[in-house]
$ cat protein-v6.txt   # compact mmCIF, C-alpha atoms
# COMPACT_ATOMS: atom_id res chain seq x y z
CA MET F 254 -71.72 63.51 -108.25
CA VAL F 255 -74.82 65.71 -108.47
CA ILE F 256 -76.20 63.52 -111.22
CA ASN F 257 -75.61 60.51 -109.02
CA VAL F 258 -77.50 62.10 -106.14
CA LEU F 259 -80.40 63.00 -108.39
CA LYS F 260 -80.44 59.55 -109.93
CA HIS F 261 -80.55 57.84 -106.58
CA SER F 262 -83.16 60.22 -105.25
CA GLY F 263 -85.33 59.34 -108.21
CA LEU F 264 -84.66 55.65 -107.63
CA PHE F 265 -85.53 56.12 -103.97
CA ILE F 266 -88.91 57.69 -104.70
CA LEU F 267 -89.70 55.22 -107.44
CA LEU F 268 -88.85 52.21 -105.31
CA VAL F 269 -90.74 53.43 -102.27
CA LEU F 270 -93.86 54.13 -104.32
CA PHE F 271 -93.58 50.82 -106.14
CA GLN F 272 -93.17 49.02 -102.83
CA GLY F 273 -95.88 50.89 -100.98
CA LEU F 274 -98.51 50.93 -103.66
CA ILE F 275 -97.96 47.72 -105.57
CA LEU F 276 -95.68 45.20 -103.97
CA ASN F 277 -97.20 45.53 -100.51
CA ASN F 278 -100.41 44.29 -102.07
CA VAL F 279 -98.70 41.35 -103.72
CA GLU F 280 -99.04 38.23 -101.71
CA PHE F 281 -98.40 34.82 -103.10
CA GLY F 282 -100.72 32.68 -101.07
CA GLY F 283 -100.66 35.14 -98.18
CA TYR F 284 -97.15 33.99 -97.53
CA VAL F 285 -94.62 35.68 -99.72
CA VAL F 286 -94.14 39.41 -100.08
CA PRO F 287 -91.33 40.70 -102.29
CA PHE F 288 -89.46 43.71 -100.91
CA LEU F 289 -87.88 45.24 -103.93
CA TYR F 290 -87.07 48.53 -102.21
CA VAL F 291 -83.86 47.06 -100.77
CA VAL F 292 -82.34 47.29 -104.25
CA PHE F 293 -81.72 50.93 -103.39
CA ILE F 294 -79.16 49.95 -100.77
CA LEU F 295 -77.64 47.43 -103.14
CA ALA F 296 -77.30 50.01 -105.91
CA LEU F 297 -75.52 52.76 -103.91
CA PRO F 298 -72.06 53.44 -105.35
CA PHE F 299 -68.97 51.99 -103.71
CA GLU F 300 -67.70 55.43 -102.77
CA THR F 301 -70.73 56.25 -100.65
CA PRO F 302 -69.52 56.75 -97.08
CA SER F 303 -70.72 53.90 -94.92
CA TRP F 304 -72.40 56.22 -92.40
CA LEU F 305 -74.42 57.69 -95.27
CA VAL F 306 -75.48 54.21 -96.32
CA LEU F 307 -76.69 53.62 -92.78
CA VAL F 308 -78.65 56.86 -92.68
CA LEU F 309 -80.11 56.29 -96.13
CA GLY F 310 -81.05 52.77 -95.13
CA PHE F 311 -82.81 54.12 -92.09
CA VAL F 312 -84.69 56.77 -94.06
CA LEU F 313 -85.63 54.24 -96.71
CA GLY F 314 -86.92 51.80 -94.12
CA ILE F 315 -88.91 54.47 -92.30
CA THR F 316 -90.51 55.62 -95.53
CA VAL F 317 -91.58 52.12 -96.42
CA ASP F 318 -92.77 51.67 -92.83
CA ILE F 319 -95.00 54.70 -93.11
CA PHE F 320 -96.61 53.16 -96.15
CA SER F 321 -97.20 49.83 -94.50
CA SER F 322 -97.99 51.12 -90.99
CA THR F 323 -95.20 49.08 -89.45
CA LEU F 324 -93.08 51.81 -87.97
CA GLY F 325 -89.54 50.69 -87.18
CA MET F 326 -89.72 47.26 -88.74
CA HIS F 327 -88.39 47.95 -92.18
CA ALA F 328 -86.19 50.67 -90.76
CA SER F 329 -84.33 48.30 -88.48
CA ALA F 330 -84.03 45.64 -91.17
CA SER F 331 -82.72 48.18 -93.65
CA VAL F 332 -80.23 49.57 -91.14
CA LEU F 333 -79.01 46.06 -90.50
CA MET F 334 -78.68 45.50 -94.21
CA ALA F 335 -76.76 48.74 -94.66
CA PHE F 336 -74.48 47.73 -91.83
CA ALA F 337 -73.86 44.32 -93.34
CA ARG F 338 -73.24 45.89 -96.75
CA ALA F 339 -70.17 47.78 -95.51
CA TYR F 340 -68.53 44.59 -94.18
CA LEU F 341 -69.61 42.51 -97.13
CA LEU F 342 -68.11 44.99 -99.59
CA LYS F 343 -64.83 44.88 -97.67
CA MET F 344 -64.86 41.09 -97.76
CA MET F 345 -65.80 40.81 -101.40
CA ALA F 346 -63.47 43.52 -102.64
CA PRO F 347 -61.37 42.45 -105.58
CA ARG F 348 -57.62 42.54 -105.30
CA GLY F 349 -56.52 46.16 -105.45
CA GLY F 350 -59.93 47.49 -104.40
CA TYR F 351 -62.90 48.62 -106.42
CA GLU F 352 -62.24 50.56 -109.58
CA PHE F 353 -63.07 54.21 -109.44
CA ASN F 354 -66.52 55.06 -110.81
CA SER F 355 -67.62 51.41 -110.87
CA LYS F 356 -70.93 50.47 -109.37
CA PRO F 357 -72.21 47.38 -107.61
CA ASN F 358 -74.15 45.93 -110.51
CA ILE F 359 -73.90 43.02 -112.91
CA GLN F 360 -72.35 45.12 -115.64
CA PHE F 361 -69.32 46.16 -113.63
CA MET F 362 -68.89 43.32 -111.21
CA GLY F 363 -70.17 40.31 -113.08
CA LEU F 364 -73.08 38.03 -112.51
CA ALA F 365 -71.49 35.75 -109.91
CA TRP F 366 -70.28 38.59 -107.74
CA TYR F 367 -73.55 40.43 -107.92
CA SER F 368 -75.63 37.33 -107.23
CA LEU F 369 -73.70 36.53 -104.09
CA TYR F 370 -73.74 40.15 -102.97
CA ALA F 371 -77.50 40.48 -103.52
CA LEU F 372 -78.34 37.11 -102.05
CA ILE F 373 -76.49 37.61 -98.79
CA LEU F 374 -77.79 41.11 -98.19
CA ILE F 375 -81.37 40.44 -99.21
CA PHE F 376 -81.57 37.23 -97.26
CA SER F 377 -80.19 38.84 -94.11
CA HIS F 378 -82.66 41.68 -94.52
CA HIS F 379 -85.62 39.39 -95.08
CA LEU F 380 -84.69 36.99 -92.32
CA PHE F 381 -84.40 39.81 -89.83
CA LEU F 382 -87.60 41.42 -91.08
CA PHE F 383 -89.75 38.33 -90.92
CA TYR F 384 -88.53 37.30 -87.49
CA LEU F 385 -89.10 40.81 -86.27
CA GLU F 386 -92.58 40.69 -87.73
CA SER F 387 -93.58 37.43 -86.13
CA PHE F 388 -91.64 38.38 -82.97
CA LYS F 389 -91.70 34.86 -81.67
CA LEU F 390 -89.85 31.65 -82.22
CA THR F 391 -92.81 29.30 -82.07
CA GLN F 392 -93.32 29.51 -85.81
CA PHE F 393 -89.61 29.29 -86.45
CA PHE F 394 -89.72 27.18 -89.60
CA GLN F 395 -92.73 28.89 -91.04
CA THR F 396 -91.09 32.27 -90.65
CA PHE F 397 -87.87 30.89 -92.10
CA GLY F 398 -89.82 29.56 -95.07
CA ARG F 399 -91.41 32.92 -95.62
CA ALA F 400 -88.03 34.61 -95.55
CA VAL F 401 -86.55 32.16 -98.04
CA ALA F 402 -89.49 32.35 -100.42
CA SER F 403 -89.67 36.13 -100.23
CA THR F 404 -85.92 36.36 -100.81
CA PHE F 405 -86.34 34.31 -103.93
CA PHE F 406 -88.99 36.63 -105.33
CA THR F 407 -87.14 39.78 -104.33
CA ILE F 408 -83.99 38.56 -106.05
CA LEU F 409 -86.01 37.74 -109.12
CA LEU F 410 -87.27 41.31 -109.21
CA VAL F 411 -83.80 42.68 -108.50
CA PHE F 412 -82.49 40.87 -111.55
CA VAL F 413 -85.31 42.24 -113.64
CA VAL F 414 -84.34 45.74 -112.50
CA GLN F 415 -80.73 44.99 -113.32
CA LEU F 416 -81.80 43.93 -116.77
CA PHE F 417 -83.40 47.31 -117.34
CA ASN F 418 -80.27 49.07 -116.12
CA TYR F 419 -78.02 46.94 -118.24
CA LYS F 420 -79.81 47.75 -121.46
CA SER F 421 -80.03 51.46 -120.87
CA THR F 422 -76.36 51.78 -120.01
CA THR F 423 -75.11 49.80 -123.00
CA LYS F 424 -77.18 51.91 -125.37
CA SER F 425 -75.94 55.24 -124.07
CA MET Z 281 -61.70 61.13 -71.68
CA GLY Z 282 -59.44 61.33 -74.70
CA ASN Z 283 -59.44 57.58 -74.91
CA LEU Z 284 -63.18 57.53 -74.91
CA ILE Z 285 -63.45 60.03 -77.75
CA ARG Z 286 -60.84 58.12 -79.71
CA PHE Z 287 -62.76 54.95 -79.09
CA LEU Z 288 -66.02 56.52 -80.23
CA SER Z 289 -64.57 58.07 -83.37
CA LYS Z 290 -62.79 54.86 -84.23
CA ASN Z 291 -65.99 52.90 -84.05
CA SER Z 292 -68.30 55.65 -85.23
CA PHE Z 293 -69.79 53.39 -87.89
CA LEU Z 294 -70.71 50.73 -85.39
CA PHE Z 295 -72.17 53.27 -83.02
CA LEU Z 296 -74.18 54.93 -85.73
CA PHE Z 297 -75.52 51.52 -86.64
CA LEU Z 298 -76.41 50.73 -83.05
CA PHE Z 299 -77.98 54.15 -82.64
CA LEU Z 300 -80.16 53.80 -85.72
CA LEU Z 301 -81.12 50.28 -84.76
CA PHE Z 302 -82.04 51.52 -81.33
CA VAL Z 303 -84.19 54.28 -82.83
CA SER Z 304 -85.93 51.77 -85.10
CA PHE Z 305 -86.59 49.40 -82.25
CA THR Z 306 -87.93 52.20 -80.10
CA LEU Z 307 -90.27 53.20 -82.88
CA LEU Z 308 -91.25 49.60 -83.40
CA VAL Z 309 -92.06 49.01 -79.77
CA GLN Z 310 -93.79 52.33 -79.24
CA ASN Z 311 -95.93 51.98 -82.31
CA ASN Z 312 -96.63 48.33 -81.91
CA ASN Z 313 -100.26 49.22 -81.88
CA TYR Z 314 -100.30 51.17 -85.07
CA GLN Z 315 -103.53 52.89 -84.35
CA ASN Z 316 -101.59 54.84 -81.78
CA SER Z 317 -99.05 56.25 -84.15
CA LYS Z 318 -100.49 59.66 -84.70
CA PHE Z 319 -98.33 60.93 -87.47
CA PHE Z 320 -96.28 58.28 -89.16
CA ASN Z 321 -99.07 56.13 -90.34
CA SER Z 322 -101.07 55.74 -93.49
CA SER Z 323 -103.75 58.16 -92.32
CA ASN Z 324 -101.58 61.24 -92.47
CA PHE Z 325 -102.28 63.84 -95.07
CA LEU Z 326 -99.77 63.08 -97.80
CA ILE Z 327 -99.99 59.33 -97.82
CA GLY Z 328 -103.68 59.36 -97.01
CA ASN Z 329 -104.34 61.38 -100.14
CA LEU Z 330 -102.07 59.18 -102.16
CA TYR Z 331 -103.92 56.11 -100.96
CA SER Z 332 -107.30 57.60 -101.75
CA THR Z 333 -106.10 58.33 -105.29
CA VAL Z 334 -104.82 54.81 -105.64
CA ASN Z 335 -108.06 53.55 -104.21
CA ASN Z 336 -109.98 55.43 -106.87
CA VAL Z 337 -108.09 53.47 -109.47
CA ASN Z 338 -108.31 50.20 -107.61
CA GLU Z 339 -112.07 50.51 -107.35
CA TYR Z 340 -112.36 49.83 -111.05
CA PHE Z 341 -110.68 46.50 -110.67
CA ASN Z 342 -113.12 45.54 -107.95
CA LEU Z 343 -116.23 46.60 -109.80
CA LYS Z 344 -117.29 43.05 -110.45
CA GLU Z 345 -117.04 42.13 -106.80
CA ILE Z 346 -118.79 45.31 -105.71
CA ASN Z 347 -121.55 44.66 -108.20
CA SER Z 348 -122.24 41.23 -106.87
CA GLU Z 349 -122.19 42.58 -103.34
CA LEU Z 350 -124.66 45.28 -104.29
CA ALA Z 351 -126.83 42.75 -106.02
CA GLU Z 352 -126.84 40.71 -102.87
CA GLN Z 353 -127.76 43.74 -100.85
CA ASN Z 354 -130.48 44.60 -103.34
CA ALA Z 355 -131.92 41.14 -102.90
CA LYS Z 356 -131.89 41.62 -99.16
CA LEU Z 357 -133.63 44.97 -99.42
CA LYS Z 358 -136.12 43.63 -101.91
CA SER Z 359 -137.06 40.89 -99.52
CA VAL Z 360 -138.09 43.45 -96.92
CA GLN Z 361 -140.08 45.50 -99.41
CA ILE Z 362 -143.72 46.05 -98.59
CA ASN Z 363 -145.11 44.03 -101.47
CA ASN Z 364 -143.30 40.98 -100.29
CA PHE Z 365 -145.48 40.90 -97.25
CA TYR Z 366 -148.97 39.64 -97.28
CA GLN Z 367 -151.60 41.91 -95.89
CA VAL Z 368 -152.84 40.77 -92.57
CA TYR Z 369 -156.04 42.73 -92.95
CA GLY Z 370 -157.63 43.62 -96.20
CA ASN Z 371 -158.52 42.01 -99.49
CA VAL Z 372 -162.04 41.62 -98.20
CA PHE Z 373 -164.63 43.23 -100.43
CA LEU Z 374 -168.08 43.97 -99.14
CA ILE Z 375 -171.03 45.23 -101.13
CA ASN Z 376 -173.42 47.36 -99.18
CA ASP Z 377 -176.90 47.32 -100.64
CA THR Z 378 -180.31 47.36 -99.07
CA THR Z 379 -182.12 45.35 -101.71
CA TYR Z 380 -179.62 42.58 -101.64
CA SER Z 381 -178.20 41.13 -98.51
CA GLN Z 382 -174.76 39.81 -99.15
CA LYS Z 383 -174.34 36.12 -98.75
CA TYR Z 384 -170.66 35.58 -99.44
CA VAL Z 385 -167.47 37.57 -98.96
CA TYR Z 386 -164.26 36.64 -100.66
CA THR Z 387 -160.75 36.90 -99.33
CA SER Z 388 -157.97 36.57 -101.84
CA ALA Z 389 -155.16 34.29 -100.84
CA LYS Z 390 -152.37 32.27 -102.24
CA ALA Z 391 -151.72 28.57 -102.11
CA ILE Z 392 -148.27 28.12 -100.66
CA ASN Z 393 -148.18 24.37 -100.34
CA ASN Z 394 -150.05 21.72 -102.18
CA SER Z 395 -150.24 18.02 -102.74
CA THR Z 396 -152.11 15.90 -105.24
CA ASN Z 397 -150.61 12.48 -104.80
CA LYS Z 398 -151.97 11.33 -101.46
CA ARG Z 399 -155.25 9.81 -100.41
CA GLU Z 400 -156.02 12.90 -98.45
CA ASN Z 401 -154.64 15.97 -100.09
CA TYR Z 402 -154.37 19.27 -98.34
CA ILE Z 403 -153.50 22.73 -99.59
CA THR Z 404 -151.88 25.30 -97.36
CA ILE Z 405 -153.00 28.87 -97.89
CA ASN Z 406 -151.39 32.06 -96.66
CA LYS Z 407 -154.37 33.43 -94.79
CA GLY Z 408 -155.30 32.47 -91.29
CA ALA Z 409 -157.16 33.35 -88.16
CA VAL Z 410 -155.94 36.98 -88.21
CA ASN Z 411 -157.65 37.35 -91.59
CA GLY Z 412 -160.88 36.04 -90.18
CA ILE Z 413 -160.58 32.62 -91.73
CA LYS Z 414 -162.45 29.88 -89.92
CA ALA Z 415 -162.71 26.17 -90.40
CA GLY Z 416 -165.46 25.13 -92.76
CA MET Z 417 -165.13 27.99 -95.21
CA GLY Z 418 -164.96 27.20 -98.88
CA VAL Z 419 -162.03 27.84 -101.14
CA VAL Z 420 -162.43 28.48 -104.84
CA SER Z 421 -160.10 29.57 -107.55
CA ALA Z 422 -160.80 31.46 -110.72
CA MET Z 423 -161.21 28.10 -112.43
CA GLY Z 424 -163.52 26.48 -109.92
CA VAL Z 425 -163.87 24.75 -106.60
CA VAL Z 426 -160.75 23.99 -104.63
CA GLY Z 427 -161.77 22.70 -101.23
CA THR Z 428 -162.86 23.40 -97.69
CA VAL Z 429 -160.88 24.98 -94.89
CA LYS Z 430 -160.05 22.34 -92.35
CA ASN Z 431 -157.59 23.79 -89.88
CA VAL Z 432 -156.67 27.39 -89.21
CA SER Z 433 -153.53 28.72 -87.62
CA GLU Z 434 -152.62 32.33 -86.89
CA ASN Z 435 -151.46 33.16 -90.38
CA PHE Z 436 -152.25 30.08 -92.43
CA CYS Z 437 -154.98 27.63 -93.03
CA SER Z 438 -154.98 24.15 -94.46
CA VAL Z 439 -157.61 23.32 -96.98
CA MET Z 440 -159.09 19.92 -97.49
CA SER Z 441 -158.79 19.66 -101.22
CA VAL Z 442 -161.47 18.26 -103.48
CA LEU Z 443 -158.82 15.60 -103.96
CA HIS Z 444 -159.56 14.19 -100.53
CA GLU Z 445 -161.48 10.98 -100.25
CA LYS Z 446 -163.55 12.27 -97.36
CA ASN Z 447 -164.45 15.56 -98.97
CA ALA Z 448 -167.82 15.43 -100.66
CA VAL Z 449 -168.92 18.51 -102.56
CA SER Z 450 -172.56 19.07 -103.28
CA ALA Z 451 -172.69 19.29 -107.07
CA LYS Z 452 -175.32 20.04 -109.63
CA ILE Z 453 -175.70 19.27 -113.30
CA LYS Z 454 -176.12 22.71 -114.75
CA LYS Z 455 -178.40 21.70 -117.60
CA SER Z 456 -180.92 19.59 -115.69
CA GLY Z 457 -180.45 20.86 -112.15
CA TYR Z 458 -180.08 17.40 -110.59
CA ILE Z 459 -178.03 17.25 -107.45
CA GLY Z 460 -175.25 14.80 -106.77
CA SER Z 461 -172.23 14.38 -104.60
CA LEU Z 462 -168.74 14.82 -105.93
CA VAL Z 463 -166.16 12.44 -104.50
CA TRP Z 464 -162.62 12.00 -105.58
CA GLU Z 465 -161.69 8.38 -106.17
CA LEU Z 466 -157.92 8.42 -105.86
CA GLY Z 467 -155.52 7.97 -108.70
CA ASN Z 468 -155.90 10.63 -111.33
CA TYR Z 469 -155.87 14.14 -109.90
CA ARG Z 470 -157.86 15.44 -112.85
CA ILE Z 471 -160.78 13.03 -112.51
CA ALA Z 472 -163.42 12.79 -109.79
CA GLY Z 473 -166.64 10.83 -109.50
CA LEU Z 474 -170.21 12.13 -109.27
CA LYS Z 475 -172.66 10.03 -107.33
CA ASP Z 476 -176.35 10.00 -106.60
CA ILE Z 477 -177.56 11.00 -110.07
CA PRO Z 478 -180.62 8.86 -110.72
CA ASN Z 479 -180.84 6.72 -113.83
CA HIS Z 480 -183.70 8.61 -115.44
CA VAL Z 481 -181.65 11.77 -115.93
CA LYS Z 482 -180.48 12.35 -119.47
CA LEU Z 483 -176.73 12.93 -119.55
CA THR Z 484 -174.36 13.95 -122.27
CA LYS Z 485 -170.60 13.95 -122.27
CA GLY Z 486 -169.38 17.47 -121.72
CA ASP Z 487 -172.23 18.53 -119.45
CA THR Z 488 -171.13 21.17 -117.01
CA ILE Z 489 -171.11 20.36 -113.30
CA ILE Z 490 -171.42 23.25 -110.88
CA THR Z 491 -171.79 23.67 -107.14
CA SER Z 492 -175.30 23.43 -105.82
CA GLY Z 493 -174.98 26.03 -103.11
CA TYR Z 494 -177.01 23.82 -100.78
CA SER Z 495 -174.34 23.45 -98.16
CA SER Z 496 -173.63 27.20 -98.33
CA VAL Z 497 -169.92 26.43 -98.20
CA TYR Z 498 -169.57 27.49 -101.80
CA PRO Z 499 -171.74 29.93 -103.64
CA GLU Z 500 -174.07 28.39 -106.15
CA GLY Z 501 -172.76 28.01 -109.66
CA GLU Z 502 -169.05 27.62 -109.03
CA LEU Z 503 -167.58 25.44 -111.74
CA ILE Z 504 -166.53 21.96 -110.77
CA GLY Z 505 -165.89 20.31 -114.11
CA ILE Z 506 -167.45 18.59 -117.07
CA ILE Z 507 -168.71 15.07 -117.57
CA GLN Z 508 -165.97 13.06 -119.16
CA ASP Z 509 -167.65 9.70 -119.18
CA PHE Z 510 -170.64 7.97 -117.58
CA ASP Z 511 -172.21 4.55 -117.46
CA LEU Z 512 -175.17 2.88 -115.82
CA PRO Z 513 -174.24 -0.43 -114.25
CA GLU Z 514 -176.83 -3.22 -114.68
CA GLY Z 515 -179.54 -3.16 -112.01
CA ASN Z 516 -178.30 0.10 -110.53
CA ASN Z 517 -180.43 3.16 -109.97
CA PHE Z 518 -177.58 5.62 -110.09
CA TYR Z 519 -175.10 6.59 -112.74
CA ASN Z 520 -171.41 6.14 -112.48
CA ILE Z 521 -170.14 9.49 -113.71
CA LYS Z 522 -166.56 10.58 -114.30
CA ILE Z 523 -165.98 14.30 -114.01
CA GLU Z 524 -163.01 16.05 -115.48
CA LEU Z 525 -162.18 18.63 -112.87
CA ALA Z 526 -161.94 22.22 -113.99
CA VAL Z 527 -159.14 23.10 -111.62
CA ASP Z 528 -155.68 21.79 -112.25
CA TYR Z 529 -154.62 21.30 -108.64
CA LYS Z 530 -151.00 21.05 -109.55
CA LYS Z 531 -151.00 24.59 -110.92
CA LEU Z 532 -152.92 26.14 -108.08
CA SER Z 533 -151.72 29.53 -106.91
CA HIS Z 534 -154.26 32.30 -106.37
CA VAL Z 535 -157.42 31.29 -104.59
CA PHE Z 536 -160.36 32.94 -102.87
CA ILE Z 537 -161.62 31.98 -99.48
CA VAL Z 538 -165.38 32.15 -99.39
CA LYS Z 539 -167.02 33.26 -96.20
CA SER Z 540 -170.71 32.62 -96.00
CA LEU Z 541 -172.55 35.23 -93.99
CA ILE Z 542 -175.66 33.13 -93.60
CA LYS Z 543 -174.12 29.77 -92.97
CA VAL Z 544 -174.51 29.90 -89.20
CA GLU Z 545 -178.14 30.89 -89.51
CA GLN Z 546 -178.78 28.14 -92.07
CA GLU Z 547 -177.09 25.49 -89.99
CA LYS Z 548 -178.97 26.54 -86.85
CA LEU Z 549 -182.23 26.22 -88.68
CA GLU Z 550 -181.31 22.84 -90.11
CA GLU Z 551 -180.27 21.60 -86.71
CA LEU Z 552 -183.82 22.23 -85.47
CA ASN Z 553 -185.09 19.84 -88.09
CA GLY Z 554 -182.65 17.21 -87.00
CA ASN Z 555 -183.87 17.32 -83.41

$ encode --input "protein-v6.txt" --output "structure tokens"
Amino acid sequence: MVINVLKHSGLFILLVLFQGLILNNVEFGGYVVPFLYVVFILALPFETPSWLVLVLGFVLGITVDIFSSTLGMHASASVLMAFARAYLLKMMAPRGGYEFNSKPNIQFMGLAWYSLYALILIFSHHLFLFYLESFKLTQFFQTFGRAVASTFFTILLVFVVQLFNYKSTTKS
Amino acid sequence: MGNLIRFLSKNSFLFLFLFLLFVSFTLLVQNNNYQNSKFFNSSNFLIGNLYSTVNNVNEYFNLKEINSELAEQNAKLKSVQINNFYQVYGNVFLINDTTYSQKYVYTSAKAINNSTNKRENYITINKGAVNGIKAGMGVVSAMGVVGTVKNVSENFCSVMSVLHEKNAVSAKIKKSGYIGSLVWELGNYRIAGLKDIPNHVKLTKGDTIITSGYSSVYPEGELIGIIQDFDLPEGNNFYNIKIELAVDYKKLSHVFIVKSLIKVEQEKLEELNGN
């Protein structure tokens, strides 16, 4: 339990710094920005109480907001994502519930499950975020395109992160 | 009341979500103008320091860009440097002596525009009325005669080049002292013609032609060129002489404007004769 908390705290700091210092400066054609930090919400263990996920999502969003001077934007998107995660996990639960000590990652849940899980949550987060950013519907399709493209890149990065995790856990 | 509490506790997750969303939206709306957010922005101490550290590293990646920007700025600064400006006053050298009375003063100047391929070629020079340049002054270069000032503006003057079919320079054969008139005859910008040399004068190819100083536009003895070729047409009293000009007008850059101090006096005197 304590190890888990420490691990996720480390992940939190690492992701926020990576997002704030590197990924925020990444722009593919001024259009696509990957938001890898959401992988923190994806990676929280199944046993985490849902209210804690909400609070952590909020804190995570606020921290990223401070870095990008967009107070409230990432926070609200992350809270929404944390909210959706609770319902999604209920819906996607295998028969007989999640095994104790299993985590939402490719290793435990399989590629198909994880892909769907990540895709839905990340896309909802990005869609909300980009519409909140533009705050108007006049550029509806452009904003939608940005959300889709950014989702693609974020998922790509999420899988890369998963790859790192996968290797380290199989070795140990 | 009990029902309400039961309702709230039952849906605590939903309410927490709505509460956090509300907080986020409040923050979002209040800090829409992020300059107003006093604390939670990138200028606060912790993140500000972090950013300045990151910026220190990032600077290295931008060195190339910064260099070119600096070079551009250097060029801009250089262009306003003092030695990029011509002196409005100055470059006039006077010799004060009681035994000699000075006849000519020179003003250094630079040819800034030039042509050699027209019938009437003019050279533009970067000195003008503010430098005391007046129409009719002579222009010479280190190599020899260049022309006569025709028009003067505030800061520039245009010089009627020797390569101008209406510009006749009073010339002298250095060896024998005979006086002729130098006229450019179109075509080759290196060749001009010398007229009015009588047929009894002994000429050799390579004889030096200098200014006579008669017109007091140019000082006496300024180089014009050398005799390249000459012939005496049948039944003609005057030679047909081809002069290779000393000055390469296409390479003209630094010139001297010659101001004659006695020209007015000389012309006044000569006018009396005319009347």

$ interface_residues --input "protein-v6.txt" --of "chain F" --to "chain Z" --cutoff "12 Å" --atoms "only C-alpha atoms" --output "NGL selection string"
:F and (269-271 or 273-275 or 278 or 302-340 or 382 or 385-386 or 388)

$ atom_distance --input "protein-v6.txt" --atom1 "atom CA of F:Leu289" --atom2 "atom CA of F:Leu410"
6.6 Å

$ atom_distance --input "protein-v6.txt" --atom1 "atom CA of F:Val401" --atom2 "atom CA of F:Ser262"
29.2 Å

$ atom_distance --input "protein-v6.txt" --atom1 "atom CA of Z:Asp511" --atom2 "atom CA of Z:Val527"
23.4 Å

$ residues_around --input "protein-v6.txt" --residues "stretch 393-400 of chain Z" --least-positions-apart "3" --cutoff "12 Å" --atoms "only C-alpha atoms" --output "PyMOL selection string"
chain Z and resi 390+403-406+426-427+430+436-447+463-471+527-534

$ residues_around --input "protein-v6.txt" --residues "stretch 354-368 of chain F" --least-positions-apart "3" --cutoff "8 Å" --atoms "all atoms listed in the file" --output "tab-separated table (two decimals) with C-alpha atoms, in the coordinates of the input"
chain	number	residue	atom	x	y	z
F	295	LEU	CA	-77.64	47.43	-103.14
F	296	ALA	CA	-77.30	50.01	-105.91
F	297	LEU	CA	-75.52	52.76	-103.91
F	298	PRO	CA	-72.06	53.44	-105.35
F	299	PHE	CA	-68.97	51.99	-103.71
F	351	TYR	CA	-62.90	48.62	-106.42
F	371	ALA	CA	-77.50	40.48	-103.52
F	372	LEU	CA	-78.34	37.11	-102.05
F	415	GLN	CA	-80.73	44.99	-113.32
F	419	TYR	CA	-78.02	46.94	-118.24

$ closest_residue --input "protein-v6.txt" --among "F:Leu341, F:Phe393, F:Phe406, F:Val413" --to "F:Leu276" --atoms "all atoms listed in the file"
F:Phe406

$ residues_around --input "protein-v6.txt" --residues "Z:Ala415" --least-positions-apart "2" --cutoff "12 Å" --atoms "only C-alpha atoms" --output "PyMOL selection string"
chain Z and resi 407-409+412-413+417-419+427-433+436-440+497+537-540

$ decode --input "protein-v6.txt" --residues "stretch 461-471 of chain Z" --atoms "N, CA and C atoms" --output "JSON list (two decimals), in the first residue's frame"
[["chain", "number", "residue", "atom", "x", "y", "z"],
["Z", 461, "SER", "N", 42.17, 70.11, -77.89],
["Z", 461, "SER", "CA", 40.89, 69.95, -77.22],
["Z", 461, "SER", "C", 40.52, 68.47, -77.22],
["Z", 462, "LEU", "N", 40.26, 67.98, -76.03],
["Z", 462, "LEU", "CA", 39.95, 66.56, -75.90],
["Z", 462, "LEU", "C", 38.44, 66.35, -76.00],
["Z", 463, "VAL", "N", 38.03, 65.52, -76.93],
["Z", 463, "VAL", "CA", 36.60, 65.24, -77.10],
["Z", 463, "VAL", "C", 36.41, 63.73, -77.22],
["Z", 464, "TRP", "N", 35.46, 63.28, -76.50],
["Z", 464, "TRP", "CA", 35.17, 61.84, -76.56],
["Z", 464, "TRP", "C", 34.31, 61.56, -77.79],
["Z", 465, "GLU", "N", 34.62, 60.52, -78.50],
["Z", 465, "GLU", "CA", 33.89, 60.24, -79.74],
["Z", 465, "GLU", "C", 33.08, 58.96, -79.68],
["Z", 466, "LEU", "N", 32.35, 58.81, -78.61],
["Z", 466, "LEU", "CA", 31.45, 57.66, -78.46],
["Z", 466, "LEU", "C", 32.19, 56.33, -78.55],
["Z", 467, "GLY", "N", 31.42, 55.30, -78.42],
["Z", 467, "GLY", "CA", 31.99, 53.96, -78.56],
["Z", 467, "GLY", "C", 32.83, 53.56, -77.38],
["Z", 468, "ASN", "N", 34.12, 53.41, -77.62],
["Z", 468, "ASN", "CA", 35.01, 52.89, -76.60],
["Z", 468, "ASN", "C", 35.20, 53.88, -75.45],
["Z", 469, "TYR", "N", 34.96, 53.41, -74.24],
["Z", 469, "TYR", "CA", 35.06, 54.31, -73.08],
["Z", 469, "TYR", "C", 36.50, 54.52, -72.65],
["Z", 470, "ARG", "N", 37.43, 53.83, -73.29],
["Z", 470, "ARG", "CA", 38.84, 54.04, -72.95],
["Z", 470, "ARG", "C", 39.56, 54.98, -73.92],
["Z", 471, "ILE", "N", 38.90, 55.30, -75.02],
["Z", 471, "ILE", "CA", 39.54, 56.08, -76.08],
["Z", 471, "ILE", "C", 38.82, 57.41, -76.27]]
